[in-house]
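Student: My structure is in upload_11.cif, and what it holds is mmCIF, N, CA and C atoms:
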```cif
data_coords
loop_
_atom_site.group_PDB
_atom_site.id
_atom_site.type_symbol
_atom_site.label_atom_id
_atom_site.label_comp_id
_atom_site.auth_asym_id
_atom_site.auth_seq_id
_atom_site.Cartn_x
_atom_site.Cartn_y
_atom_site.Cartn_z
ATOM 1 N N MET C 1 64.950 127.677 70.481
ATOM 2 C CA MET C 1 65.133 128.874 71.255
ATOM 3 C C MET C 1 66.571 128.903 71.768
ATOM 4 N N ALA C 2 67.243 130.017 71.553
ATOM 5 C CA ALA C 2 68.631 130.192 71.983
ATOM 6 C C ALA C 2 68.685 131.025 73.250
ATOM 7 N N PHE C 3 69.601 130.656 74.147
ATOM 8 C CA PHE C 3 69.824 131.464 75.340
ATOM 9 C C PHE C 3 71.195 131.123 75.917
ATOM 10 N N GLY C 4 71.669 131.957 76.838
ATOM 11 C CA GLY C 4 72.954 131.694 77.488
ATOM 12 C C GLY C 4 74.143 132.364 76.821
ATOM 13 N N ILE C 5 73.897 133.333 75.943
ATOM 14 C CA ILE C 5 75.000 134.082 75.341
ATOM 15 C C ILE C 5 74.765 135.570 75.564
ATOM 16 N N LYS C 6 75.858 136.299 75.520
ATOM 17 C CA LYS C 6 75.782 137.746 75.705
ATOM 18 C C LYS C 6 75.773 138.435 74.346
ATOM 19 N N ARG C 7 75.177 139.591 74.335
ATOM 20 C CA ARG C 7 75.082 140.372 73.101
ATOM 21 C C ARG C 7 76.460 140.608 72.480
ATOM 22 N N GLN C 8 77.465 140.878 73.327
ATOM 23 C CA GLN C 8 78.813 141.137 72.800
ATOM 24 C C GLN C 8 79.432 139.878 72.188
ATOM 25 N N GLU C 9 79.087 138.690 72.693
ATOM 26 C CA GLU C 9 79.581 137.445 72.097
ATOM 27 C C GLU C 9 79.004 137.262 70.695
ATOM 28 N N LEU C 10 77.717 137.546 70.567
ATOM 29 C CA LEU C 10 77.074 137.433 69.264
ATOM 30 C C LEU C 10 77.664 138.453 68.288
ATOM 31 N N ALA C 11 77.881 139.668 68.749
ATOM 32 C CA ALA C 11 78.452 140.714 67.886
ATOM 33 C C ALA C 11 79.864 140.334 67.432
ATOM 34 N N ALA C 12 80.672 139.794 68.341
ATOM 35 C CA ALA C 12 82.036 139.383 67.982
ATOM 36 C C ALA C 12 82.007 138.256 66.961
ATOM 37 N N TRP C 13 81.097 137.286 67.148
ATOM 38 C CA TRP C 13 80.959 136.176 66.197
ATOM 39 C C TRP C 13 80.589 136.706 64.821
ATOM 40 N N LYS C 14 79.631 137.611 64.760
ATOM 41 C CA LYS C 14 79.206 138.184 63.481
ATOM 42 C C LYS C 14 80.357 138.910 62.786
ATOM 43 N N GLU C 15 81.164 139.633 63.552
ATOM 44 C CA GLU C 15 82.308 140.343 62.972
ATOM 45 C C GLU C 15 83.318 139.363 62.380
ATOM 46 N N GLN C 16 83.625 138.300 63.127
ATOM 47 C CA GLN C 16 84.569 137.292 62.637
ATOM 48 C C GLN C 16 84.043 136.618 61.372
ATOM 49 N N VAL C 17 82.787 136.249 61.391
ATOM 50 C CA VAL C 17 82.175 135.598 60.229
ATOM 51 C C VAL C 17 82.264 136.526 59.022
ATOM 52 N N ALA C 18 81.906 137.789 59.200
ATOM 53 C CA ALA C 18 81.915 138.754 58.097
ATOM 54 C C ALA C 18 83.311 138.947 57.514
ATOM 55 N N ARG C 19 84.358 138.797 58.348
ATOM 56 C CA ARG C 19 85.747 138.925 57.881
ATOM 57 C C ARG C 19 86.231 137.668 57.158
ATOM 58 N N GLY C 20 85.403 136.631 57.110
ATOM 59 C CA GLY C 20 85.794 135.400 56.439
ATOM 60 C C GLY C 20 86.591 134.450 57.310
ATOM 61 N N GLU C 21 86.533 134.669 58.614
ATOM 62 C CA GLU C 21 87.216 133.786 59.571
ATOM 63 C C GLU C 21 86.256 132.673 59.988
ATOM 64 N N ILE C 22 86.829 131.561 60.439
ATOM 65 C CA ILE C 22 86.018 130.510 61.053
ATOM 66 C C ILE C 22 85.736 130.965 62.478
ATOM 67 N N ALA C 23 84.467 131.082 62.830
ATOM 68 C CA ALA C 23 84.077 131.589 64.143
ATOM 69 C C ALA C 23 83.121 130.609 64.818
ATOM 70 N N TYR C 24 83.265 130.476 66.128
ATOM 71 C CA TYR C 24 82.464 129.538 66.913
ATOM 72 C C TYR C 24 81.583 130.303 67.892
ATOM 73 N N LEU C 25 80.313 129.936 67.939
ATOM 74 C CA LEU C 25 79.383 130.518 68.906
ATOM 75 C C LEU C 25 78.552 129.372 69.475
ATOM 76 N N THR C 26 78.738 129.118 70.756
ATOM 77 C CA THR C 26 77.981 128.054 71.428
ATOM 78 C C THR C 26 76.943 128.716 72.327
ATOM 79 N N HIS C 27 75.744 128.143 72.331
ATOM 80 C CA HIS C 27 74.706 128.640 73.229
ATOM 81 C C HIS C 27 73.776 127.499 73.597
ATOM 82 N N PHE C 28 73.093 127.691 74.727
ATOM 83 C CA PHE C 28 72.066 126.735 75.099
ATOM 84 C C PHE C 28 70.946 126.819 74.070
ATOM 85 N N TRP C 29 70.281 125.687 73.868
ATOM 86 C CA TRP C 29 69.305 125.616 72.795
ATOM 87 C C TRP C 29 68.322 124.498 73.070
ATOM 88 N N ILE C 30 67.055 124.760 72.817
ATOM 89 C CA ILE C 30 66.023 123.727 72.958
ATOM 90 C C ILE C 30 65.221 123.687 71.666
ATOM 91 N N ASP C 31 65.133 122.484 71.111
ATOM 92 C CA ASP C 31 64.333 122.278 69.904
ATOM 93 C C ASP C 31 63.767 120.872 69.989
ATOM 94 N N ASN C 32 62.472 120.749 69.941
ATOM 95 C CA ASN C 32 61.818 119.440 70.098
ATOM 96 C C ASN C 32 62.236 118.430 69.040
ATOM 97 N N ARG C 33 62.785 118.893 67.920
ATOM 98 C CA ARG C 33 63.246 117.957 66.879
ATOM 99 C C ARG C 33 64.486 117.197 67.319
ATOM 100 N N PHE C 34 65.177 117.688 68.363
ATOM 101 C CA PHE C 34 66.432 117.085 68.808
ATOM 102 C C PHE C 34 66.368 116.810 70.311
ATOM 103 N N PRO C 35 65.640 115.771 70.710
ATOM 104 C CA PRO C 35 65.507 115.460 72.138
ATOM 105 C C PRO C 35 66.870 115.183 72.770
ATOM 106 N N GLY C 36 67.075 115.738 73.939
ATOM 107 C CA GLY C 36 68.322 115.512 74.668
ATOM 108 C C GLY C 36 69.431 116.469 74.297
ATOM 109 N N VAL C 37 69.268 117.231 73.234
ATOM 110 C CA VAL C 37 70.284 118.210 72.833
ATOM 111 C C VAL C 37 69.979 119.512 73.565
ATOM 112 N N THR C 38 70.963 120.018 74.312
ATOM 113 C CA THR C 38 70.737 121.227 75.110
ATOM 114 C C THR C 38 71.596 122.404 74.668
ATOM 115 N N SER C 39 72.465 122.181 73.684
ATOM 116 C CA SER C 39 73.282 123.284 73.182
ATOM 117 C C SER C 39 73.637 123.026 71.725
ATOM 118 N N VAL C 40 74.057 124.095 71.063
ATOM 119 C CA VAL C 40 74.498 124.012 69.675
ATOM 120 C C VAL C 40 75.684 124.961 69.529
ATOM 121 N N THR C 41 76.614 124.595 68.670
ATOM 122 C CA THR C 41 77.705 125.492 68.309
ATOM 123 C C THR C 41 77.534 125.846 66.850
ATOM 124 N N LYS C 42 77.421 127.128 66.590
ATOM 125 C CA LYS C 42 77.322 127.609 65.215
ATOM 126 C C LYS C 42 78.736 127.950 64.759
ATOM 127 N N VAL C 43 79.195 127.233 63.736
ATOM 128 C CA VAL C 43 80.511 127.481 63.150
ATOM 129 C C VAL C 43 80.257 128.270 61.880
ATOM 130 N N GLY C 44 80.622 129.543 61.908
ATOM 131 C CA GLY C 44 80.295 130.424 60.799
ATOM 132 C C GLY C 44 81.511 130.908 60.043
ATOM 133 N N CYS C 45 81.287 131.279 58.781
ATOM 134 C CA CYS C 45 82.318 131.872 57.938
ATOM 135 C C CYS C 45 81.643 132.382 56.667
ATOM 136 N N ALA C 46 81.852 133.667 56.348
ATOM 137 C CA ALA C 46 81.258 134.231 55.142
ATOM 138 C C ALA C 46 81.903 133.683 53.881
ATOM 139 N N ASP C 47 83.119 133.170 53.998
ATOM 140 C CA ASP C 47 83.818 132.549 52.875
ATOM 141 C C ASP C 47 83.334 131.094 52.794
ATOM 142 N N LEU C 48 82.364 130.846 51.921
ATOM 143 C CA LEU C 48 81.746 129.520 51.864
ATOM 144 C C LEU C 48 82.722 128.416 51.488
ATOM 145 N N GLU C 49 83.685 128.697 50.627
ATOM 146 C CA GLU C 49 84.685 127.675 50.283
ATOM 147 C C GLU C 49 85.494 127.288 51.515
ATOM 148 N N ARG C 50 85.852 128.279 52.318
ATOM 149 C CA ARG C 50 86.603 127.998 53.548
ATOM 150 C C ARG C 50 85.755 127.188 54.520
ATOM 151 N N LEU C 51 84.485 127.533 54.659
ATOM 152 C CA LEU C 51 83.598 126.796 55.560
ATOM 153 C C LEU C 51 83.393 125.361 55.062
ATOM 154 N N GLU C 52 83.280 125.184 53.754
ATOM 155 C CA GLU C 52 83.169 123.828 53.201
ATOM 156 C C GLU C 52 84.426 123.019 53.483
ATOM 157 N N ARG C 53 85.606 123.630 53.340
ATOM 158 C CA ARG C 53 86.865 122.929 53.668
ATOM 159 C C ARG C 53 86.895 122.550 55.141
ATOM 160 N N TRP C 54 86.438 123.460 55.999
ATOM 161 C CA TRP C 54 86.402 123.183 57.435
ATOM 162 C C TRP C 54 85.529 121.954 57.688
ATOM 163 N N CYS C 55 84.366 121.908 57.052
ATOM 164 C CA CYS C 55 83.477 120.747 57.206
ATOM 165 C C CYS C 55 84.191 119.470 56.769
ATOM 166 N N ASN C 56 84.767 119.488 55.589
ATOM 167 C CA ASN C 56 85.461 118.300 55.078
ATOM 168 C C ASN C 56 86.607 117.888 55.990
ATOM 169 N N ASP C 57 87.360 118.857 56.500
ATOM 170 C CA ASP C 57 88.479 118.555 57.401
ATOM 171 C C ASP C 57 88.015 117.875 58.681
ATOM 172 N N HIS C 58 86.767 118.114 59.081
ATOM 173 C CA HIS C 58 86.233 117.531 60.313
ATOM 174 C C HIS C 58 85.273 116.365 60.046
ATOM 175 N N GLY C 59 85.242 115.901 58.805
ATOM 176 C CA GLY C 59 84.398 114.751 58.484
ATOM 177 C C GLY C 59 82.915 115.066 58.477
ATOM 178 N N LEU C 60 82.569 116.304 58.189
ATOM 179 C CA LEU C 60 81.173 116.735 58.170
ATOM 180 C C LEU C 60 80.738 117.027 56.737
ATOM 181 N N ASP C 61 79.490 116.831 56.453
ATOM 182 C CA ASP C 61 78.972 117.028 55.104
ATOM 183 C C ASP C 61 78.620 118.504 54.886
ATOM 184 N N PRO C 62 79.310 119.179 53.963
ATOM 185 C CA PRO C 62 79.034 120.598 53.719
ATOM 186 C C PRO C 62 77.626 120.884 53.183
ATOM 187 N N ARG C 63 76.898 119.849 52.764
ATOM 188 C CA ARG C 63 75.515 120.072 52.311
ATOM 189 C C ARG C 63 74.639 120.624 53.432
ATOM 190 N N TYR C 64 75.071 120.421 54.687
ATOM 191 C CA TYR C 64 74.268 120.862 55.822
ATOM 192 C C TYR C 64 74.631 122.272 56.296
ATOM 193 N N ILE C 65 75.465 122.964 55.549
ATOM 194 C CA ILE C 65 75.752 124.368 55.865
ATOM 195 C C ILE C 65 74.473 125.173 55.641
ATOM 196 N N HIS C 66 74.136 126.002 56.599
ATOM 197 C CA HIS C 66 73.035 126.956 56.426
ATOM 198 C C HIS C 66 73.627 128.128 55.654
ATOM 199 N N ARG C 67 73.288 128.247 54.406
ATOM 200 C CA ARG C 67 73.903 129.223 53.506
ATOM 201 C C ARG C 67 73.163 130.559 53.531
ATOM 202 N N ARG C 68 72.768 130.947 54.707
ATOM 203 C CA ARG C 68 72.026 132.204 54.873
ATOM 204 C C ARG C 68 73.008 133.359 55.006
ATOM 205 N N GLN C 69 72.920 134.285 54.070
ATOM 206 C CA GLN C 69 73.768 135.464 54.141
ATOM 207 C C GLN C 69 73.129 136.468 55.102
ATOM 208 N N PRO C 70 73.897 137.231 55.837
ATOM 209 C CA PRO C 70 75.336 137.387 55.740
ATOM 210 C C PRO C 70 76.130 136.483 56.684
ATOM 211 N N PHE C 71 75.461 135.502 57.330
ATOM 212 C CA PHE C 71 76.151 134.677 58.321
ATOM 213 C C PHE C 71 75.967 133.182 58.062
ATOM 214 N N PRO C 72 76.567 132.655 56.991
ATOM 215 C CA PRO C 72 76.488 131.204 56.761
ATOM 216 C C PRO C 72 77.127 130.462 57.934
ATOM 217 N N HIS C 73 76.552 129.305 58.267
ATOM 218 C CA HIS C 73 77.093 128.561 59.408
ATOM 219 C C HIS C 73 76.705 127.080 59.333
ATOM 220 N N PHE C 74 77.445 126.291 60.094
ATOM 221 C CA PHE C 74 77.175 124.865 60.253
ATOM 222 C C PHE C 74 76.828 124.660 61.719
ATOM 223 N N ASP C 75 75.754 123.940 62.011
ATOM 224 C CA ASP C 75 75.345 123.673 63.388
ATOM 225 C C ASP C 75 75.974 122.374 63.884
ATOM 226 N N LEU C 76 76.739 122.480 64.957
ATOM 227 C CA LEU C 76 77.327 121.306 65.611
ATOM 228 C C LEU C 76 76.503 120.960 66.840
ATOM 229 N N MET C 77 76.176 119.664 66.984
ATOM 230 C CA MET C 77 75.424 119.200 68.142
ATOM 231 C C MET C 77 75.960 117.843 68.575
ATOM 232 N N GLY C 78 75.637 117.487 69.792
ATOM 233 C CA GLY C 78 75.939 116.151 70.283
ATOM 234 C C GLY C 78 77.417 115.859 70.439
ATOM 235 N N SER C 79 77.786 114.598 70.276
ATOM 236 C CA SER C 79 79.163 114.169 70.531
ATOM 237 C C SER C 79 80.154 114.830 69.577
ATOM 238 N N LYS C 80 79.752 115.073 68.339
ATOM 239 C CA LYS C 80 80.645 115.726 67.370
ATOM 240 C C LYS C 80 80.944 117.161 67.809
ATOM 241 N N GLN C 81 79.953 117.809 68.402
ATOM 242 C CA GLN C 81 80.143 119.162 68.916
ATOM 243 C C GLN C 81 81.269 119.174 69.954
ATOM 244 N N LYS C 82 81.176 118.307 70.928
ATOM 245 C CA LYS C 82 82.178 118.246 71.993
ATOM 246 C C LYS C 82 83.541 117.875 71.420
ATOM 247 N N GLU C 83 83.573 116.877 70.564
ATOM 248 C CA GLU C 83 84.828 116.411 69.962
ATOM 249 C C GLU C 83 85.547 117.544 69.234
ATOM 250 N N ILE C 84 84.831 118.279 68.412
ATOM 251 C CA ILE C 84 85.449 119.343 67.623
ATOM 252 C C ILE C 84 85.852 120.521 68.504
ATOM 253 N N LEU C 85 85.030 120.877 69.474
ATOM 254 C CA LEU C 85 85.408 121.973 70.367
ATOM 255 C C LEU C 85 86.700 121.641 71.112
ATOM 256 N N ILE C 86 86.851 120.411 71.541
ATOM 257 C CA ILE C 86 88.088 120.004 72.216
ATOM 258 C C ILE C 86 89.257 120.055 71.244
ATOM 259 N N GLN C 87 89.074 119.532 70.025
ATOM 260 C CA GLN C 87 90.131 119.585 69.010
ATOM 261 C C GLN C 87 90.578 121.015 68.740
ATOM 262 N N GLU C 88 89.634 121.944 68.756
ATOM 263 C CA GLU C 88 89.919 123.347 68.444
ATOM 264 C C GLU C 88 90.382 124.132 69.677
ATOM 265 N N GLY C 89 90.562 123.446 70.797
ATOM 266 C CA GLY C 89 91.058 124.103 72.010
ATOM 267 C C GLY C 89 90.023 124.968 72.710
ATOM 268 N N MET C 90 88.769 124.672 72.502
ATOM 269 C CA MET C 90 87.698 125.483 73.083
ATOM 270 C C MET C 90 87.050 124.757 74.263
ATOM 271 N N THR C 91 87.887 124.310 75.176
ATOM 272 C CA THR C 91 87.372 123.581 76.332
ATOM 273 C C THR C 91 86.503 124.466 77.222
ATOM 274 N N ASP C 92 86.691 125.795 77.140
ATOM 275 C CA ASP C 92 85.827 126.685 77.911
ATOM 276 C C ASP C 92 84.367 126.537 77.477
ATOM 277 N N HIS C 93 84.126 126.292 76.191
ATOM 278 C CA HIS C 93 82.762 126.056 75.706
ATOM 279 C C HIS C 93 82.236 124.738 76.272
ATOM 280 N N VAL C 94 83.089 123.731 76.305
ATOM 281 C CA VAL C 94 82.684 122.413 76.813
ATOM 282 C C VAL C 94 82.261 122.523 78.271
ATOM 283 N N VAL C 95 83.033 123.243 79.057
ATOM 284 C CA VAL C 95 82.720 123.397 80.481
ATOM 285 C C VAL C 95 81.485 124.276 80.684
ATOM 286 N N ARG C 96 81.480 125.428 80.033
ATOM 287 C CA ARG C 96 80.389 126.395 80.214
ATOM 288 C C ARG C 96 79.021 125.832 79.850
ATOM 289 N N PHE C 97 78.977 125.005 78.803
ATOM 290 C CA PHE C 97 77.700 124.496 78.304
ATOM 291 C C PHE C 97 77.469 123.026 78.688
ATOM 292 N N HIS C 98 78.237 122.551 79.651
ATOM 293 C CA HIS C 98 78.035 121.216 80.250
ATOM 294 C C HIS C 98 78.022 120.100 79.204
ATOM 295 N N LEU C 99 79.012 120.144 78.321
ATOM 296 C CA LEU C 99 79.090 119.104 77.300
ATOM 297 C C LEU C 99 79.856 117.933 77.869
#
```
Any chance you could put this one into structure tokens?

Tutor:
Amino acid sequence: MAFGIKRQELAAWKEQVARGEIAYLTHFWIDNRFPGVTSVTKVGCADLERLERWCNDHGLDPRYIHRRQPFPHFDLMGSKQKEILIQEGMTDHVVRFHL
């Protein structure tokens, strides 16, 4: 279950993804399969080759990309989520979602 994001944030993320840009959307999230995980960052890009390069550049396996059109994305969770958000200068996400 996702919560903690505004409709306009989701719309902006979808627009960026559709343009083939790397886009980040962090939201609170609860899923019993991942105990202790309280948020996820969806890194999306309609250009799958670009998204695969992004994964490789960050040491992530592109096999885990959710290849659902029109919004393919990679789910970041846990310590890697925080690490990459900081690398990408998105400390506002780290603070807002208590990472």

Student: Would you pick out the contacts of range 12-28 of chain C at 7 Å or less, using only N, CA and C atoms, so that residues sharing its chain but fewer than 2 positions from it are not included, and give the list as a short mmCIF file (atom, residue, chain, number, x, y, z; two decimals) with N, CA and C atoms, in the coordinates of the input?

Tutor:
```cif
data_model
loop_
_atom_site.label_atom_id
_atom_site.label_comp_id
_atom_site.auth_asym_id
_atom_site.auth_seq_id
_atom_site.Cartn_x
_atom_site.Cartn_y
_atom_site.Cartn_z
N MET C 1 64.95 127.68 70.48
CA MET C 1 65.13 128.87 71.26
C MET C 1 66.57 128.90 71.77
N ALA C 2 67.24 130.02 71.55
CA ALA C 2 68.63 130.19 71.98
C ALA C 2 68.68 131.02 73.25
N PHE C 3 69.60 130.66 74.15
CA PHE C 3 69.82 131.46 75.34
C PHE C 3 71.19 131.12 75.92
N GLY C 4 71.67 131.96 76.84
CA GLY C 4 72.95 131.69 77.49
C GLY C 4 74.14 132.36 76.82
N ILE C 5 73.90 133.33 75.94
CA ILE C 5 75.00 134.08 75.34
C ILE C 5 74.76 135.57 75.56
N ARG C 7 75.18 139.59 74.33
CA ARG C 7 75.08 140.37 73.10
C ARG C 7 76.46 140.61 72.48
N GLN C 8 77.46 140.88 73.33
CA GLN C 8 78.81 141.14 72.80
C GLN C 8 79.43 139.88 72.19
N GLU C 9 79.09 138.69 72.69
CA GLU C 9 79.58 137.44 72.10
C GLU C 9 79.00 137.26 70.69
N LEU C 10 77.72 137.55 70.57
CA LEU C 10 77.07 137.43 69.26
C LEU C 10 77.66 138.45 68.29
N ILE C 30 67.06 124.76 72.82
CA ILE C 30 66.02 123.73 72.96
C ILE C 30 65.22 123.69 71.67
N THR C 38 70.96 120.02 74.31
CA THR C 38 70.74 121.23 75.11
C THR C 38 71.60 122.40 74.67
N SER C 39 72.46 122.18 73.68
CA SER C 39 73.28 123.28 73.18
C SER C 39 73.64 123.03 71.72
N VAL C 40 74.06 124.10 71.06
CA VAL C 40 74.50 124.01 69.68
C VAL C 40 75.68 124.96 69.53
N THR C 41 76.61 124.60 68.67
CA THR C 41 77.70 125.49 68.31
C THR C 41 77.53 125.85 66.85
N LYS C 42 77.42 127.13 66.59
CA LYS C 42 77.32 127.61 65.22
C LYS C 42 78.74 127.95 64.76
N VAL C 43 79.19 127.23 63.74
CA VAL C 43 80.51 127.48 63.15
C VAL C 43 80.26 128.27 61.88
N GLY C 44 80.62 129.54 61.91
CA GLY C 44 80.30 130.42 60.80
C GLY C 44 81.51 130.91 60.04
N CYS C 45 81.29 131.28 58.78
CA CYS C 45 82.32 131.87 57.94
C CYS C 45 81.64 132.38 56.67
N ALA C 46 81.85 133.67 56.35
CA ALA C 46 81.26 134.23 55.14
C ALA C 46 81.90 133.68 53.88
N ASP C 47 83.12 133.17 54.00
CA ASP C 47 83.82 132.55 52.88
C ASP C 47 83.33 131.09 52.79
N PRO C 70 73.90 137.23 55.84
CA PRO C 70 75.34 137.39 55.74
C PRO C 70 76.13 136.48 56.68
N PHE C 71 75.46 135.50 57.33
CA PHE C 71 76.15 134.68 58.32
C PHE C 71 75.97 133.18 58.06
N HIS C 93 84.13 126.29 76.19
CA HIS C 93 82.76 126.06 75.71
C HIS C 93 82.24 124.74 76.27
N PHE C 97 78.98 125.00 78.80
CA PHE C 97 77.70 124.50 78.30
C PHE C 97 77.47 123.03 78.69
#
```

Student: From the options C:Val37, C:Met90, C:Lys6, C:Ala11, which residue's atoms come nearest to Gly78 in chain C, counting all atoms listed in the file?

Tutor: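 Between C:Val37, C:Met90, C:Lys6, C:Ala11, the residue approaching Gly78 in chain C most closely is C:Val37.
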
Student: Go ahead and compute the interatomic distance for atom C of His98 in chain C and atom N of Leu76 in chain C, in Å to one decimal.

Tutor: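 One can read the atom C of His98 in chain C to atom N of Leu76 in chain C distance as 14.5 Å.
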
Student: Hey, can you check how far CA of Glu52 in chain C sits from CA of Arg68 in chain C?

Tutor: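 Value for the CA of Glu52 in chain C-CA of Arg68 in chain C distance: 14.0 Å.
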
Student: Write out as a list of chain:residue names the set of residues from range 44-93 of chain C that DSSP, computed on the backbone, places in helix (DSSP H, G or I).

Tutor: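 Residues meeting the helix (DSSP H, G or I) criterion: C:Leu48, C:Glu49, C:Arg50, C:Leu51, C:Glu52, C:Arg53, C:Trp54, C:Cys55, C:Asn56, C:Asp57, C:Pro62, C:Arg63, C:Tyr64, C:Gly78, C:Ser79, C:Lys80, C:Gln81, C:Lys82, C:Glu83, C:Ile84, C:Leu85, C:Ile86, C:Gln87, C:Thr91, C:Asp92, C:His93.
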
Student: Measuring between only C-alpha atoms, which one of C:Asn32, C:Lys82, C:His66, C:Gly89 shows the shortest distance to Leu51 in chain C?

Tutor: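 Among the listed residues, C:His66 lies closest to Leu51 in chain C.
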
Student: Tell me, in Å to one decimal, how far atom N of Asp61 in chain C is from CA of Phe34 in chain C.

Tutor: 18.0 Å

Student: Compile the contact shell of Arg63 in chain C as an mmCIF file with N, CA and C atoms, keeping the file's coordinate frame: residues with an atom at most 12 Å away, counting only C-alpha atoms, same-chain residues fewer than 2 positions apart removed.

Tutor:
```cif
data_model
loop_
_atom_site.group_PDB
_atom_site.id
_atom_site.type_symbol
_atom_site.label_atom_id
_atom_site.label_comp_id
_atom_site.auth_asym_id
_atom_site.auth_seq_id
_atom_site.Cartn_x
_atom_site.Cartn_y
_atom_site.Cartn_z
ATOM 1 N N LEU C 48 82.364 130.846 51.921
ATOM 2 C CA LEU C 48 81.746 129.520 51.864
ATOM 3 C C LEU C 48 82.722 128.416 51.488
ATOM 4 N N LEU C 51 84.485 127.533 54.659
ATOM 5 C CA LEU C 51 83.598 126.796 55.560
ATOM 6 C C LEU C 51 83.393 125.361 55.062
ATOM 7 N N GLU C 52 83.280 125.184 53.754
ATOM 8 C CA GLU C 52 83.169 123.828 53.201
ATOM 9 C C GLU C 52 84.426 123.019 53.483
ATOM 10 N N ARG C 53 85.606 123.630 53.340
ATOM 11 C CA ARG C 53 86.865 122.929 53.668
ATOM 12 C C ARG C 53 86.895 122.550 55.141
ATOM 13 N N CYS C 55 84.366 121.908 57.052
ATOM 14 C CA CYS C 55 83.477 120.747 57.206
ATOM 15 C C CYS C 55 84.191 119.470 56.769
ATOM 16 N N ASN C 56 84.767 119.488 55.589
ATOM 17 C CA ASN C 56 85.461 118.300 55.078
ATOM 18 C C ASN C 56 86.607 117.888 55.990
ATOM 19 N N LEU C 60 82.569 116.304 58.189
ATOM 20 C CA LEU C 60 81.173 116.735 58.170
ATOM 21 C C LEU C 60 80.738 117.027 56.737
ATOM 22 N N ASP C 61 79.490 116.831 56.453
ATOM 23 C CA ASP C 61 78.972 117.028 55.104
ATOM 24 C C ASP C 61 78.620 118.504 54.886
ATOM 25 N N ILE C 65 75.465 122.964 55.549
ATOM 26 C CA ILE C 65 75.752 124.368 55.865
ATOM 27 C C ILE C 65 74.473 125.173 55.641
ATOM 28 N N HIS C 66 74.136 126.002 56.599
ATOM 29 C CA HIS C 66 73.035 126.956 56.426
ATOM 30 C C HIS C 66 73.627 128.128 55.654
ATOM 31 N N ARG C 67 73.288 128.247 54.406
ATOM 32 C CA ARG C 67 73.903 129.223 53.506
ATOM 33 C C ARG C 67 73.163 130.559 53.531
ATOM 34 N N HIS C 73 76.552 129.305 58.267
ATOM 35 C CA HIS C 73 77.093 128.561 59.408
ATOM 36 C C HIS C 73 76.705 127.080 59.333
ATOM 37 N N PHE C 74 77.445 126.291 60.094
ATOM 38 C CA PHE C 74 77.175 124.865 60.253
ATOM 39 C C PHE C 74 76.828 124.660 61.719
ATOM 40 N N ASP C 75 75.754 123.940 62.011
ATOM 41 C CA ASP C 75 75.345 123.673 63.388
ATOM 42 C C ASP C 75 75.974 122.374 63.884
#
```

Student: Could you pull out all residues of chain C with a DSSP call of strand (DSSP E) and give them as an MDAnalysis selection string?

Tutor: chainID C and resid 2:3 23:29 39:44 73:76

Student: Produce the centre coordinates and the three edge lengths, each in Å to one decimal, of the box along x, y and z that contains all listed atoms of range 51-57 of chain C with 4 Å added on each side, as lines of an AutoDock Vina configuration file.

Tutor:
```
center_x = 85.8
center_y = 122.7
center_z = 55.9
size_x = 13.3
size_y = 17.7
size_z = 13.5
```
